[in-house]
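The structure appears below as structure tokens.
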Amino acid sequence: MPVFETPSPRSNSPGDLALYVHWPFCVSKCPYCDFNSHVREEVDQAAWRDALLTDLAHEARVLPGRRLQSIFFGGGTPSLMPPSTVAAVLDAAEKAWGFAEGIEITLEANPSSVEAARFADLARAGVNRVSLGLQSLDDQALKFLGRAHDVNEGQAALATAQSVFPRVSFDLIYALPGQRLDDWRAELARALSLGTEHLSLYQLTIEAGTRFATEALAGRIVIPDGDSAADLFEATRADTAAAGLPAYETSNHARPGSESRHNLAYWRYQDYAGIGPGAHGRRGGLATVRRKKPENWLAAIERNGHGMEVEDPLTPSTRATEALLMGLRLAEGVDLDRITELNAGVVPVDLAAVARLEALGLIVHSPGRLRVTEAGALLLDAILPEIVTA
């Protein structure tokens with residue numbers, strides 16, 4: 001089995017790059033989902049493969065001399081991609097940039113039996129990490145969340161994934177309407193017993209434009225209040241830490257060394273290219289966004305040779321702010337010296353506010369580094385506007 005070592009905050013070469021590939025199609029739209037996902041009766045697979053390769057080639061032209069440390073196929077439901085398309089994208093990416101030793105190649109997957117049947121082919125194509133959308137280990141909750149699988153099918157898909165891929169993560173959603181603390185802790189204990197070394201655990205949020213938003217507005221959905229949600233969050237962090245999978249980011253938990261290399265690239269504010277409909281990128285001081293609607297992205301590929309809609313330079317202040325907002329989600333915190341460099345030499349935090357919050361036990365400010373404490377993690381959304389000045 002390959003050995004994967006999670007890079008330290010300073011271990012990545014300046015030439016390293018992450019690549020995000022967006023596959024926008026799903027079998028159905030979940031009622032809580034506000035991602036760029038679409039249901040289509042038919043997909044021209046050859047046309048989509050060619051378009052992804054064209055979009056990738058554009059990024060390769062504007063980003064020469066880099067080396068890929070991670071690739072992430074997200075969506076949508078990228079496990080619906082033909083394995084041959086995944087293989088073609090990986091082959092083109094390796095030829096364009098080259099792969100770092102131990103490159104992490106992740107693909108998001110739904111736990112249906114149809115998609116699980118493709119896992120071996122996806123592994124042969126080069127995928128070495130799967131992020132499985134189990135979402136719950138309770139059949140009633142799965143029905144509420146609009147998921148097509150049940151618990152048995154989900155666990156069967158997980159077992160298949162664990163037999164095929166070197167690394168497997170799965171997602172769960174908690175803080176559901178009426179969910180009691182004891183019930184969630186029992187479900188989490190069951191999840192921790194399933195043998196993965198990475199869990200993504202998200203509290204249910206009501207996002208604008210989703211079916212749940214309509215239901216919540218009508219009073220048919222009521223998620224736990226702030227105090228109840230805080231209790232669930234604190235128990236989640238305590239129980240995962242006790243099991244040896246501490247939170248290394250607000251919603252992500254892993255055994256040391258099993259953190260998601262790709263997501264660390266985002267949170268550490270490293271360069272990443274994004275291709276496919278709606279994909280975002282941050283590279284060379286530019287913010288890039290691809291056209292969101294699949295048909296519009298395809299038309300842009302045919303017209304321009306890429307799917308770009310936005311390619312804007314980021315000001316030093318914006319870069320520093322983004323780096324702070326992302327980095328303070330991490331347990332390791334942020335390198336203040338680096339962020340000061342991004343901000344043209346100006347410290348981008350209110351040091352008086354930092355000192356006040358440190359006295360309250362919410363932040364730790366050591367030479368050149370800033371991080372939130374366990375108590376601070378619960379209040380991160382309130383802390384950020386207090387300290388960020390960039």
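All residue names refer to the structure tokens as shown: chains lettered A, B, ... in order, residues numbered from 1 in each chain, ligands numbered from 1 in order.
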Pick out the residues sitting within 10 Å of region 207-219 of chain A, and hand them over as a list in words; count only C-alpha atoms, and ignore anything fewer than 3 positions along from it in its own chain.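 The neighbour list is Lys29, Cys30, Pro31, Tyr32, Cys33, Asp34, Phe35, Leu145, Leu204, Val222 and Ile223 of chain A.
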Take the residues from that selection and put them in a file with N, CA, C and O atoms, as a short mmCIF file (atom, residue, chain, number, x, y, z; two decimals), in the first residue's frame.
data_model
loop_
_atom_site.label_atom_id
_atom_site.label_comp_id
_atom_site.auth_asym_id
_atom_site.auth_seq_id
_atom_site.Cartn_x
_atom_site.Cartn_y
_atom_site.Cartn_z
N LYS A 29 -31.44 15.73 -7.25
CA LYS A 29 -30.95 16.86 -6.47
C LYS A 29 -31.40 16.71 -5.02
O LYS A 29 -32.59 16.61 -4.73
N CYS A 30 -30.44 16.68 -4.10
CA CYS A 30 -30.78 16.55 -2.69
C CYS A 30 -31.39 17.86 -2.18
O CYS A 30 -30.98 18.94 -2.60
N PRO A 31 -32.34 17.79 -1.25
CA PRO A 31 -33.07 19.00 -0.83
C PRO A 31 -32.24 20.00 -0.04
O PRO A 31 -32.64 21.15 0.10
N TYR A 32 -31.08 19.59 0.47
CA TYR A 32 -30.22 20.50 1.23
C TYR A 32 -29.09 21.07 0.41
O TYR A 32 -28.35 21.95 0.88
N CYS A 33 -28.92 20.62 -0.83
CA CYS A 33 -27.71 20.89 -1.60
C CYS A 33 -27.81 22.19 -2.39
O CYS A 33 -28.75 22.38 -3.17
N ASP A 34 -26.81 23.06 -2.21
CA ASP A 34 -26.73 24.28 -3.03
C ASP A 34 -25.47 24.26 -3.91
O ASP A 34 -25.05 25.30 -4.42
N PHE A 35 -24.88 23.09 -4.09
CA PHE A 35 -23.72 22.97 -4.96
C PHE A 35 -24.14 23.09 -6.43
O PHE A 35 -25.33 23.00 -6.75
N LEU A 145 -33.14 13.36 4.20
CA LEU A 145 -32.12 14.06 3.42
C LEU A 145 -32.25 13.84 1.92
O LEU A 145 -31.46 14.38 1.14
N LEU A 204 -26.09 20.38 9.59
CA LEU A 204 -27.05 20.77 8.56
C LEU A 204 -27.27 22.28 8.61
O LEU A 204 -27.55 22.84 9.66
N VAL A 222 -37.28 22.71 11.31
CA VAL A 222 -36.65 23.54 12.34
C VAL A 222 -35.40 22.80 12.80
O VAL A 222 -35.47 21.71 13.37
N ILE A 223 -34.24 23.39 12.51
CA ILE A 223 -32.98 22.75 12.92
C ILE A 223 -32.67 23.15 14.36
O ILE A 223 -33.23 24.12 14.88
#
Determine, for each residue of region 265-351 of chain A having at least one atom at most 10 Å from an atom of region 72-88 of chain A, the closest pair of atoms and their separation in Å to one decimal, counting only C-alpha atoms; order by chain and ascending number, as a Markdown table.
| residue | atom | partner | partner_atom | distance |
| --- | --- | --- | --- | --- |
| A:Gly274 | CA | A:Phe72 | CA | 9.6 |
| A:Ile275 | CA | A:Phe73 | CA | 9.9 |
| A:Gly276 | CA | A:Gly75 | CA | 9.5 |
| A:Pro277 | CA | A:Gly75 | CA | 9.4 |
| A:Gly278 | CA | A:Gly75 | CA | 9.8 |
| A:Ala279 | CA | A:Gly74 | CA | 9.4 |
Please determine, counting only C-alpha atoms, which residue among A:Asn263, A:Ser113, A:Thr240, A:Asn343 has the shortest atom-to-atom distance to Glu197 (chain A).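 Of the candidates, the smallest distance to Glu197 (chain A) is held by A:Thr240.
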All strand (DSSP E or B) positions in region 116-313 of chain A, as a ChimeraX atom specification: /A:129-135,167-174,198-203,247-249,252-254,272-275,280-283,286-290,308-313
Would you work out the distance separating CA of Lys293 (chain A) from CA of Ala57 (chain A), expressed in Å to one decimal?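 That distance, rounded to one decimal, is 20.5 Å.
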Smallest atom-to-atom distance to Asp271 (chain A): which of A:Ala323, A:Ala120, A:Ile103, A:Ala300, using only C-alpha atoms? A:Ala323
When distances are computed from only C-alpha atoms, which of A:Ser258, A:Val289, A:Trp297, A:Tyr248 shows the smallest separation from Ala331 (chain A)?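 Residue with the minimum atom-to-atom distance to Ala331 (chain A): A:Tyr248.
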In Å, how far is it from CA of Ile105 (chain A) to CA of Ala159 (chain A)?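 Taking CA of Ile105 (chain A) and CA of Ala159 (chain A), their separation equals 19.4 Å.
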For CA of Ala116 (chain A) and CA of Pro256 (chain A), determine how far apart the two atoms are, in Å to one decimal place.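 CA of Ala116 (chain A) sits 27.5 Å away from CA of Pro256 (chain A).
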Residue contacts of Val349 (chain A) (10 Å, only C-alpha atoms) excluding same-chain residues fewer than 5 positions away, as a list of chain:residue names: A:Ala320, A:Thr321, A:Leu324, A:Leu336, A:Ile339, A:Thr340, A:Val354, A:Leu370, A:Leu384, A:Pro385, A:Glu386, A:Ile387, A:Val388, A:Thr389, A:Ala390
Counting only C-alpha atoms, which residue out of A:Thr236, A:Glu187, A:Leu199, A:Asp182 sits closest to Asp139 (chain A)?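 Comparing A:Thr236, A:Glu187, A:Leu199, A:Asp182 against Asp139 (chain A), the winner is A:Glu187.
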Near region 123-136 of chain A, within 8 Å and counting only C-alpha atoms, which residues show up once chain neighbours fewer than 2 positions away are dropped, as a PyMOL selection string? chain A and resi 83-84+86-87+90+104-111+119-121+138-139+141-142+151+154+158+161+164-174
Residues near region 60-64 of chain A, anyone? I mean within 10 Å using only C-alpha atoms, not counting same-chain ones fewer than 4 positions away, as a compact mmCIF listing (two decimals) with N, CA and C atoms, in the first residue's frame.
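In the end it all went to out38.txt:
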# COMPACT_ATOMS: atom_id res chain seq x y z
N GLY A 15 6.44 25.54 -6.41
CA GLY A 15 5.92 25.09 -7.69
C GLY A 15 4.76 24.13 -7.59
N LEU A 17 1.09 22.49 -7.02
CA LEU A 17 -0.22 22.94 -7.48
C LEU A 17 -1.25 21.87 -7.16
N THR A 54 -9.84 20.00 -22.85
CA THR A 54 -9.55 21.32 -23.41
C THR A 54 -9.39 22.35 -22.32
N ASP A 55 -10.28 22.31 -21.32
CA ASP A 55 -10.19 23.25 -20.20
C ASP A 55 -8.89 23.05 -19.44
N LEU A 56 -8.51 21.79 -19.24
CA LEU A 56 -7.26 21.47 -18.55
C LEU A 56 -6.06 21.99 -19.34
N ALA A 92 -3.69 13.40 -18.97
CA ALA A 92 -3.39 14.73 -19.47
C ALA A 92 -2.76 15.60 -18.40
N ALA A 93 -3.24 15.48 -17.16
CA ALA A 93 -2.69 16.28 -16.06
C ALA A 93 -1.24 15.90 -15.78
N LYS A 95 0.90 14.59 -17.91
CA LYS A 95 1.74 15.05 -19.01
C LYS A 95 1.96 16.57 -18.95
N ALA A 96 0.93 17.30 -18.48
CA ALA A 96 1.03 18.76 -18.46
C ALA A 96 1.93 19.25 -17.34
N TRP A 97 1.84 18.66 -16.17
CA TRP A 97 2.52 19.19 -15.00
C TRP A 97 3.49 18.22 -14.33
N ALA A 273 -5.75 25.10 -9.41
CA ALA A 273 -6.47 25.34 -10.66
C ALA A 273 -7.81 24.63 -10.59
N ARG A 283 -4.74 31.14 -8.41
CA ARG A 283 -3.42 30.85 -8.94
C ARG A 283 -2.72 32.13 -9.36
N GLY A 284 -1.47 32.25 -8.93
CA GLY A 284 -0.66 33.39 -9.33
C GLY A 284 -1.29 34.73 -8.99
So, counting only C-alpha atoms, which residue among A:Lys292, A:Asn36, A:Asp16, A:Glu374 is closest to Arg237 (chain A)?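 Under the stated criterion, the closest residue is A:Glu374.
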Near Gln140 (chain A), counting only C-alpha atoms, which residues have an atom at most 12 Å away, once you skip same-chain residues fewer than 6 positions from it, shown as a list in words?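 Returned residues: Gly146, Arg147, Ala148, His149, Asp150, Val151, Leu176, Pro177 and Gln179 of chain A.
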Store the residues of this selection in a file with N, CA, C and O atoms, as a PDB file, in the first residue's frame.
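Wrote selection.pdb, looks like this:
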ATOM      1  N   GLY A 146     -33.214  13.023   1.521  1.00  0.00           N
ATOM      2  CA  GLY A 146     -33.439  12.798   0.098  1.00  0.00           C
ATOM      3  C   GLY A 146     -32.429  11.891  -0.556  1.00  0.00           C
ATOM      4  O   GLY A 146     -32.256  11.923  -1.781  1.00  0.00           O
ATOM      5  N   ARG A 147     -31.761  11.055   0.244  1.00  0.00           N
ATOM      6  CA  ARG A 147     -30.740  10.178  -0.307  1.00  0.00           C
ATOM      7  C   ARG A 147     -31.365   8.929  -0.911  1.00  0.00           C
ATOM      8  O   ARG A 147     -32.378   8.417  -0.416  1.00  0.00           O
ATOM      9  N   ALA A 148     -30.748   8.440  -1.985  1.00  0.00           N
ATOM     10  CA  ALA A 148     -31.304   7.286  -2.694  1.00  0.00           C
ATOM     11  C   ALA A 148     -30.900   5.961  -2.067  1.00  0.00           C
ATOM     12  O   ALA A 148     -31.523   4.935  -2.349  1.00  0.00           O
ATOM     13  N   HIS A 149     -29.892   5.947  -1.222  1.00  0.00           N
ATOM     14  CA  HIS A 149     -29.415   4.698  -0.632  1.00  0.00           C
ATOM     15  C   HIS A 149     -29.967   4.536   0.780  1.00  0.00           C
ATOM     16  O   HIS A 149     -30.432   5.504   1.402  1.00  0.00           O
ATOM     17  N   ASP A 150     -29.905   3.306   1.289  1.00  0.00           N
ATOM     18  CA  ASP A 150     -30.209   3.073   2.698  1.00  0.00           C
ATOM     19  C   ASP A 150     -28.914   2.726   3.435  1.00  0.00           C
ATOM     20  O   ASP A 150     -27.837   2.677   2.836  1.00  0.00           O
ATOM     21  N   VAL A 151     -29.032   2.490   4.732  1.00  0.00           N
ATOM     22  CA  VAL A 151     -27.833   2.261   5.542  1.00  0.00           C
ATOM     23  C   VAL A 151     -27.079   1.023   5.080  1.00  0.00           C
ATOM     24  O   VAL A 151     -25.841   1.048   4.953  1.00  0.00           O
ATOM     25  N   LEU A 176     -29.627  17.506  12.748  1.00  0.00           N
ATOM     26  CA  LEU A 176     -30.871  17.393  11.994  1.00  0.00           C
ATOM     27  C   LEU A 176     -32.049  17.782  12.892  1.00  0.00           C
ATOM     28  O   LEU A 176     -31.941  17.777  14.118  1.00  0.00           O
ATOM     29  N   PRO A 177     -33.194  18.130  12.311  1.00  0.00           N
ATOM     30  CA  PRO A 177     -34.364  18.476  13.129  1.00  0.00           C
ATOM     31  C   PRO A 177     -34.684  17.363  14.132  1.00  0.00           C
ATOM     32  O   PRO A 177     -34.794  16.190  13.763  1.00  0.00           O
ATOM     33  N   GLN A 179     -32.849  15.990  16.326  1.00  0.00           N
ATOM     34  CA  GLN A 179     -31.778  15.059  16.677  1.00  0.00           C
ATOM     35  C   GLN A 179     -31.285  15.309  18.101  1.00  0.00           C
ATOM     36  O   GLN A 179     -30.908  16.426  18.459  1.00  0.00           O
TER      37      GLN A 179
END
